[in-house]
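Everything below concerns the one structure shown next.
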Amino acid sequence: MSCCSTPEDNRLNAQLQTWNKNWTKRAKLLLLGPGESGKSTFAKQVRCLQASDFNKQEKADFLLIIRQNVLEGMKQLVLGADMLGFEVSDDIEDHVDRIMEMEGFDINHDDGVPDTFEEDVWSIWVDEGIQQAFARRNEFYFLESVGIYYLRKRKYLQRLCSSDYVPTQTDIMYARSKTTGISELQFSIDGNEFLIVDVGGQRTERKKWIHCFDTVTAVLFMVGTSEYDQNLYEQADVNRMDEALQLWKDVIDCVFFDNVAYFLILNKMDLFEEKIKTVDLNVCPAFHDYKGGNDKAKAIDYIREKFRSMVEPGKTLYIQTSTATDSRLIEELWLMVSRVTLQGIVDNIFT
């Protein structure tokens with residue numbers, strides 16, 4: 001065999017070098033969706049899977065965020081009970097006064113929790129009027145994680161009030177802090193760089209999205225499936241699912257995303273499966289023609305098709321259900337997303 005290179009050999013070598021250069025380029029995934037749909041929780045999960053765990057200072061910051069979440073949740077329930085006309089017991093008046101007067105936990109100065117905080121919170125939480133308000137929390141703004149996670153048992157509240165409390169990874173996944181600005185997560189998979197860009201989903205934050213639209217490989221759009229009977233924090237007369245559908249249309253019609261892959265993540269399935277047992281999907285204005293009753297499979301199929309029908313033929317769309325606080329489910333979801341994204345890069349190179 002001759003050791004001399006032919007023009008064809010040189011051409012192939014040059015093409016392979018170009019392919020290799022393109023193959024190792026960064027994949028940019030844009031994480032979009034309305035506020036509180038679970039985007040930041042998803043990003044936190046992927047960070048733990050692909051990059052690193054949270055360091056000591058980050059855990060200290062989350063400790064204060066978690067305590068602040070509990071404080072805000074209690075205030076929201078007290079105000080919600082008053083708005084809905086539920087009476088709270090006279091026995092918890094002092095507890096309510098102390099909680100309502102608290103300004104909050106300063107992330108720059110951790111002075112622990114007041115001596116009465118744990119007793120105040122629990123006394124309010126177990127009050128009959130407060131529990132009635134909690135049952136109708138869809139009618140006012142409430143931090144869902146407070147009731148379903150941090151206060152599910154008194155020992156969990158006692159733990160986060162203790163002086164030696166260090167948040168677990170699960171605690172951190174349920175922590176809620178509004179995303180402002182643009183947050184980026186970078187890591188590598190098999191020598192290929194990934195960049196996940198998380199932008200705040202509240203209306204006031206969306207004007208910043210345009211700055212992230214350049215060179216996007218894929219769009220991950222999160223929807224809180226359980227929010228079909230809830231309204232926006234920013235505009236109390238707008239249904240959250242209606243808002244998600246309109247935002248989804250804006251995203252898929254965006255000229256910047258003509259050749260990207262779309263991943264529609266129907267999130268908060270744990271909450272959805274509980275809610276659909278008692279709250280019909282057709283309470284959402286956009287779902288007024290739904291006739292599947294409390295059948296969760298029919299309900300999620302209806303939601304899936306509602307979003308799918310808005311996508312023009314020819315666009316690459318993947319739809320998955322998930323729960324962002326569930327590490328196992330997110331690991332499976334991320335494996336699919338990363339594989340499809342990398343395969344898309346290969347396909348683009350060889351076409």
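Lettering and numbering for the structure tokens are positional, with chains as A, B, ... in the shown order, residues counted from 1 in each chain, and ligands counted from 1 in the shown order.
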Please provide the set of residues having any atom within 10 Å of region 35-49 of chain A, restricted to only C-alpha atoms, with same-chain residues fewer than 4 positions apart removed, written as number ranges by chain. A: 31, 53-54, 143-144, 169-170, 172-179, 183-187, 196-203, 205-206, 220-227, 232-234, 240, 243-244, 265-268, 322-328, 330-331, 333-335
Can you spit out the residues from that selection as a PDB file, in the first residue's frame, using C-alpha atoms?
ATOM      1  CA  LEU A  31     -34.459  26.637  29.613  1.00  0.00           C
ATOM      2  CA  ASP A  53     -22.857  19.109  44.568  1.00  0.00           C
ATOM      3  CA  PHE A  54     -23.607  22.323  46.434  1.00  0.00           C
ATOM      4  CA  LEU A 143     -45.522  28.499  47.959  1.00  0.00           C
ATOM      5  CA  GLU A 144     -46.568  24.897  47.296  1.00  0.00           C
ATOM      6  CA  GLN A 169     -30.081  17.822  48.331  1.00  0.00           C
ATOM      7  CA  THR A 170     -33.823  17.107  48.450  1.00  0.00           C
ATOM      8  CA  ILE A 172     -32.591  22.287  48.239  1.00  0.00           C
ATOM      9  CA  MET A 173     -34.670  20.980  45.342  1.00  0.00           C
ATOM     10  CA  TYR A 174     -37.840  22.160  47.085  1.00  0.00           C
ATOM     11  CA  ALA A 175     -36.360  25.570  47.962  1.00  0.00           C
ATOM     12  CA  ARG A 176     -37.997  28.382  46.023  1.00  0.00           C
ATOM     13  CA  SER A 177     -36.311  31.639  45.055  1.00  0.00           C
ATOM     14  CA  LYS A 178     -37.369  33.721  42.085  1.00  0.00           C
ATOM     15  CA  THR A 179     -34.878  33.608  39.218  1.00  0.00           C
ATOM     16  CA  SER A 183     -28.181  31.901  35.211  1.00  0.00           C
ATOM     17  CA  GLU A 184     -25.741  29.625  33.366  1.00  0.00           C
ATOM     18  CA  LEU A 185     -24.575  26.079  34.062  1.00  0.00           C
ATOM     19  CA  GLN A 186     -21.585  24.705  32.139  1.00  0.00           C
ATOM     20  CA  PHE A 187     -20.218  21.159  32.099  1.00  0.00           C
ATOM     21  CA  ILE A 196     -27.742  25.401  30.113  1.00  0.00           C
ATOM     22  CA  VAL A 197     -29.161  28.920  30.273  1.00  0.00           C
ATOM     23  CA  ASP A 198     -31.945  29.516  32.809  1.00  0.00           C
ATOM     24  CA  VAL A 199     -33.847  32.794  32.506  1.00  0.00           C
ATOM     25  CA  GLY A 200     -36.513  34.017  34.924  1.00  0.00           C
ATOM     26  CA  GLY A 201     -40.033  33.100  33.803  1.00  0.00           C
ATOM     27  CA  GLN A 202     -41.956  35.972  35.367  1.00  0.00           C
ATOM     28  CA  ARG A 203     -43.292  38.517  32.906  1.00  0.00           C
ATOM     29  CA  GLU A 205     -37.935  38.867  33.303  1.00  0.00           C
ATOM     30  CA  ARG A 206     -38.945  37.827  29.769  1.00  0.00           C
ATOM     31  CA  LEU A 220     -36.397  23.040  26.989  1.00  0.00           C
ATOM     32  CA  PHE A 221     -39.816  24.430  27.825  1.00  0.00           C
ATOM     33  CA  MET A 222     -41.222  23.645  31.263  1.00  0.00           C
ATOM     34  CA  VAL A 223     -44.944  23.576  32.069  1.00  0.00           C
ATOM     35  CA  GLY A 224     -46.421  23.122  35.547  1.00  0.00           C
ATOM     36  CA  THR A 225     -49.191  20.642  34.707  1.00  0.00           C
ATOM     37  CA  SER A 226     -50.811  20.962  38.139  1.00  0.00           C
ATOM     38  CA  GLU A 227     -51.354  24.701  37.728  1.00  0.00           C
ATOM     39  CA  LEU A 232     -50.581  34.192  37.916  1.00  0.00           C
ATOM     40  CA  TYR A 233     -48.855  35.915  40.805  1.00  0.00           C
ATOM     41  CA  GLU A 234     -48.280  38.959  38.564  1.00  0.00           C
ATOM     42  CA  ARG A 240     -51.326  29.939  34.630  1.00  0.00           C
ATOM     43  CA  GLU A 243     -50.243  31.854  30.124  1.00  0.00           C
ATOM     44  CA  ALA A 244     -48.081  28.779  29.474  1.00  0.00           C
ATOM     45  CA  ILE A 265     -41.448  19.017  29.785  1.00  0.00           C
ATOM     46  CA  LEU A 266     -44.830  18.517  31.426  1.00  0.00           C
ATOM     47  CA  ASN A 267     -43.655  19.006  34.991  1.00  0.00           C
ATOM     48  CA  LYS A 268     -45.143  18.635  38.493  1.00  0.00           C
ATOM     49  CA  SER A 322     -41.674  14.554  34.851  1.00  0.00           C
ATOM     50  CA  THR A 323     -41.387  15.891  38.390  1.00  0.00           C
ATOM     51  CA  ALA A 324     -38.400  18.191  38.800  1.00  0.00           C
ATOM     52  CA  THR A 325     -38.023  17.497  42.525  1.00  0.00           C
ATOM     53  CA  ASP A 326     -37.630  13.744  41.856  1.00  0.00           C
ATOM     54  CA  SER A 327     -33.916  13.074  41.256  1.00  0.00           C
ATOM     55  CA  ARG A 328     -34.493   9.668  39.670  1.00  0.00           C
ATOM     56  CA  ILE A 330     -34.843  13.938  36.242  1.00  0.00           C
ATOM     57  CA  GLU A 331     -31.825  11.662  35.770  1.00  0.00           C
ATOM     58  CA  LEU A 333     -35.135  12.752  31.562  1.00  0.00           C
ATOM     59  CA  TRP A 334     -31.702  14.347  31.342  1.00  0.00           C
ATOM     60  CA  LEU A 335     -30.209  11.170  29.863  1.00  0.00           C
TER      61      LEU A 335
END
Close residues, Leu29 (chain A) itself excluded, 6 Å, only C-alpha atoms, min 4 positions apart in chain, as a PDB file with all heavy atoms, in the first residue's frame:
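Result file follows (out.pdb):
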ATOM      1  N   ILE A 196     -26.310  25.251  29.855  1.00  0.00           N
ATOM      2  CA  ILE A 196     -27.742  25.401  30.113  1.00  0.00           C
ATOM      3  C   ILE A 196     -27.975  26.818  30.605  1.00  0.00           C
ATOM      4  O   ILE A 196     -27.346  27.269  31.565  1.00  0.00           O
ATOM      5  CB  ILE A 196     -28.231  24.387  31.159  1.00  0.00           C
ATOM      6  CG1 ILE A 196     -28.144  22.964  30.602  1.00  0.00           C
ATOM      7  CG2 ILE A 196     -29.678  24.690  31.562  1.00  0.00           C
ATOM      8  CD1 ILE A 196     -28.650  21.895  31.554  1.00  0.00           C
ATOM      9  N   THR A 217     -28.939  25.359  20.606  1.00  0.00           N
ATOM     10  CA  THR A 217     -29.027  24.004  20.071  1.00  0.00           C
ATOM     11  C   THR A 217     -30.409  23.397  20.323  1.00  0.00           C
ATOM     12  O   THR A 217     -30.962  22.705  19.478  1.00  0.00           O
ATOM     13  CB  THR A 217     -27.963  23.100  20.722  1.00  0.00           C
ATOM     14  OG1 THR A 217     -26.687  23.737  20.662  1.00  0.00           O
ATOM     15  CG2 THR A 217     -27.904  21.753  20.036  1.00  0.00           C
ATOM     16  N   ALA A 218     -30.944  23.644  21.527  1.00  0.00           N
ATOM     17  CA  ALA A 218     -32.246  23.081  21.874  1.00  0.00           C
ATOM     18  C   ALA A 218     -32.938  23.987  22.888  1.00  0.00           C
ATOM     19  O   ALA A 218     -32.295  24.698  23.650  1.00  0.00           O
ATOM     20  CB  ALA A 218     -32.091  21.675  22.452  1.00  0.00           C
ATOM     21  N   VAL A 219     -34.269  23.925  22.868  1.00  0.00           N
ATOM     22  CA  VAL A 219     -35.088  24.677  23.828  1.00  0.00           C
ATOM     23  C   VAL A 219     -35.814  23.672  24.713  1.00  0.00           C
ATOM     24  O   VAL A 219     -36.482  22.763  24.221  1.00  0.00           O
ATOM     25  CB  VAL A 219     -36.121  25.569  23.107  1.00  0.00           C
ATOM     26  CG1 VAL A 219     -37.114  26.151  24.111  1.00  0.00           C
ATOM     27  CG2 VAL A 219     -35.419  26.692  22.346  1.00  0.00           C
TER      28      VAL A 219
END
Determine which residues of region 107-282 of chain A DSSP labels as alpha helix (DSSP H) from the backbone of this structure, then write them out as a PyMOL selection string. chain A and resi 117-125+128-135+144-145+154-161+169-174+240-252+269-275
Can I get the selected residues back with N, CA and C atoms, as a compact mmCIF listing (two decimals), in the first residue's frame?
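This is the output file result25.txt:
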# COMPACT_ATOMS: atom_id res chain seq x y z
N PHE A 117 -40.18 30.51 66.84
CA PHE A 117 -40.53 30.34 65.43
C PHE A 117 -41.17 28.98 65.14
N GLU A 118 -40.54 27.93 65.61
CA GLU A 118 -41.05 26.59 65.32
C GLU A 118 -42.44 26.39 65.91
N GLU A 119 -42.65 26.82 67.14
CA GLU A 119 -43.96 26.69 67.78
C GLU A 119 -44.99 27.57 67.09
N ASP A 120 -44.59 28.78 66.70
CA ASP A 120 -45.51 29.68 66.00
C ASP A 120 -45.98 29.07 64.68
N VAL A 121 -45.03 28.59 63.90
CA VAL A 121 -45.35 28.03 62.58
C VAL A 121 -46.26 26.82 62.72
N TRP A 122 -45.90 25.90 63.61
CA TRP A 122 -46.69 24.67 63.70
C TRP A 122 -48.09 24.94 64.24
N SER A 123 -48.20 25.85 65.19
CA SER A 123 -49.51 26.17 65.76
C SER A 123 -50.44 26.76 64.69
N ILE A 124 -49.88 27.60 63.84
CA ILE A 124 -50.67 28.17 62.73
C ILE A 124 -51.02 27.09 61.72
N TRP A 125 -50.07 26.25 61.39
CA TRP A 125 -50.25 25.23 60.35
C TRP A 125 -51.37 24.25 60.69
N GLU A 128 -57.52 24.72 62.23
CA GLU A 128 -58.55 24.25 61.29
C GLU A 128 -58.82 25.26 60.19
N GLY A 129 -58.89 26.55 60.53
CA GLY A 129 -59.14 27.57 59.52
C GLY A 129 -58.01 27.67 58.51
N ILE A 130 -56.78 27.51 58.98
CA ILE A 130 -55.62 27.55 58.09
C ILE A 130 -55.63 26.34 57.17
N GLN A 131 -56.00 25.18 57.69
CA GLN A 131 -56.06 23.99 56.86
C GLN A 131 -57.17 24.09 55.81
N GLN A 132 -58.26 24.76 56.15
CA GLN A 132 -59.31 25.00 55.16
C GLN A 132 -58.80 25.91 54.04
N ALA A 133 -58.01 26.91 54.43
CA ALA A 133 -57.42 27.80 53.41
C ALA A 133 -56.42 27.03 52.55
N PHE A 134 -55.65 26.16 53.17
CA PHE A 134 -54.66 25.36 52.43
C PHE A 134 -55.36 24.48 51.39
N ALA A 135 -56.51 23.95 51.74
CA ALA A 135 -57.26 23.10 50.81
C ALA A 135 -57.73 23.88 49.58
N GLU A 144 -46.10 26.29 47.19
CA GLU A 144 -46.57 24.90 47.30
C GLU A 144 -45.64 24.02 48.13
N SER A 145 -44.34 24.22 48.00
CA SER A 145 -43.38 23.34 48.67
C SER A 145 -43.47 23.42 50.19
N ARG A 154 -44.04 17.42 61.71
CA ARG A 154 -43.44 18.42 62.60
C ARG A 154 -41.94 18.22 62.72
N LYS A 155 -41.48 16.98 62.65
CA LYS A 155 -40.04 16.74 62.80
C LYS A 155 -39.23 17.39 61.69
N TYR A 156 -39.83 17.58 60.50
CA TYR A 156 -39.13 18.25 59.42
C TYR A 156 -38.99 19.74 59.72
N LEU A 157 -40.02 20.32 60.31
CA LEU A 157 -39.94 21.72 60.73
C LEU A 157 -38.91 21.88 61.84
N GLN A 158 -38.91 20.97 62.80
CA GLN A 158 -37.94 21.03 63.89
C GLN A 158 -36.51 20.93 63.36
N ARG A 159 -36.32 20.10 62.36
CA ARG A 159 -34.99 19.92 61.79
C ARG A 159 -34.49 21.22 61.15
N LEU A 160 -35.32 21.90 60.35
CA LEU A 160 -34.85 23.10 59.67
C LEU A 160 -34.75 24.30 60.61
N CYS A 161 -35.31 24.17 61.81
CA CYS A 161 -35.17 25.24 62.81
C CYS A 161 -33.97 25.03 63.73
N GLN A 169 -29.86 17.53 49.74
CA GLN A 169 -30.08 17.82 48.33
C GLN A 169 -31.58 17.92 48.04
N THR A 170 -32.38 17.05 48.66
CA THR A 170 -33.82 17.11 48.45
C THR A 170 -34.40 18.40 49.01
N ASP A 171 -33.94 18.82 50.19
CA ASP A 171 -34.39 20.10 50.75
C ASP A 171 -34.15 21.23 49.77
N ILE A 172 -32.98 21.22 49.16
CA ILE A 172 -32.59 22.29 48.24
C ILE A 172 -33.46 22.27 46.98
N MET A 173 -33.84 21.07 46.53
CA MET A 173 -34.67 20.98 45.34
C MET A 173 -36.04 21.61 45.57
N TYR A 174 -36.53 21.57 46.79
CA TYR A 174 -37.84 22.16 47.08
C TYR A 174 -37.74 23.64 47.43
N ARG A 240 -52.73 30.28 34.89
CA ARG A 240 -51.33 29.94 34.63
C ARG A 240 -51.15 29.06 33.40
N MET A 241 -52.08 28.14 33.17
CA MET A 241 -51.95 27.27 32.00
C MET A 241 -52.24 28.05 30.72
N ASP A 242 -53.19 28.98 30.77
CA ASP A 242 -53.42 29.85 29.62
C ASP A 242 -52.15 30.63 29.28
N GLU A 243 -51.49 31.12 30.32
CA GLU A 243 -50.24 31.85 30.12
C GLU A 243 -49.17 30.97 29.51
N ALA A 244 -49.08 29.72 29.99
CA ALA A 244 -48.08 28.78 29.47
C ALA A 244 -48.31 28.49 28.00
N LEU A 245 -49.57 28.31 27.60
CA LEU A 245 -49.89 28.04 26.20
C LEU A 245 -49.52 29.21 25.30
N GLN A 246 -49.81 30.43 25.75
CA GLN A 246 -49.47 31.61 24.96
C GLN A 246 -47.96 31.78 24.85
N LEU A 247 -47.28 31.53 25.94
CA LEU A 247 -45.82 31.65 25.93
C LEU A 247 -45.19 30.58 25.04
N TRP A 248 -45.74 29.37 25.07
CA TRP A 248 -45.27 28.28 24.21
C TRP A 248 -45.42 28.67 22.74
N LYS A 249 -46.55 29.27 22.39
CA LYS A 249 -46.76 29.71 21.01
C LYS A 249 -45.72 30.76 20.61
N ASP A 250 -45.44 31.69 21.52
CA ASP A 250 -44.45 32.73 21.23
C ASP A 250 -43.07 32.12 20.99
N VAL A 251 -42.75 31.09 21.76
CA VAL A 251 -41.43 30.46 21.65
C VAL A 251 -41.31 29.68 20.35
N ILE A 252 -42.31 28.85 20.04
CA ILE A 252 -42.18 28.01 18.84
C ILE A 252 -42.29 28.83 17.55
N MET A 269 -45.82 16.43 37.83
CA MET A 269 -46.78 15.35 37.64
C MET A 269 -47.27 14.77 38.96
N ASP A 270 -46.45 14.83 40.01
CA ASP A 270 -46.88 14.32 41.31
C ASP A 270 -48.08 15.12 41.83
N LEU A 271 -48.00 16.44 41.70
CA LEU A 271 -49.11 17.30 42.14
C LEU A 271 -50.32 17.15 41.21
N PHE A 272 -50.03 17.01 39.92
CA PHE A 272 -51.12 16.86 38.93
C PHE A 272 -51.94 15.61 39.21
N GLU A 273 -51.27 14.50 39.48
CA GLU A 273 -51.98 13.23 39.68
C GLU A 273 -52.89 13.27 40.91
N GLU A 274 -52.51 14.06 41.91
CA GLU A 274 -53.38 14.22 43.07
C GLU A 274 -54.53 15.18 42.77
N LYS A 275 -54.24 16.26 42.10
CA LYS A 275 -55.25 17.28 41.85
C LYS A 275 -56.34 16.80 40.90
Between A:Asp295, A:Phe263, A:Asp214, A:Tyr165, which one has atoms that come closest to Met336 (chain A), using only C-alpha atoms? A:Phe263
With distances taken over only C-alpha atoms, which of A:Glu93, A:Asp280, A:Glu58, A:Glu139 is nearest to Asn231 (chain A)?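 Checking each candidate against Asn231 (chain A), we get A:Glu139 as the closest.
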Between CA of Tyr302 (chain A) and CA of Asp229 (chain A), what is the distance, to one decimal in Å?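 It comes out at 15.4 Å.
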Interatomic distance (Å, one decimal) between CA of Asn69 (chain A) and CA of Asp111 (chain A):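 So the answer is 16.4 Å.
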What lies within 12 Å of Asn282 (chain A) using only C-alpha atoms, ignoring chain neighbours under 2 positions off, as a list in words? Tyr228, Asp229, Met241, Asp242, Ile276, Thr278, Val279, Asp280, Cys284, Pro285, Ala286, Phe287, His288, Asp289, Tyr290, Lys291, Gly292, Gly293, Asn294, Ala299, Tyr302 and Ile303 of chain A
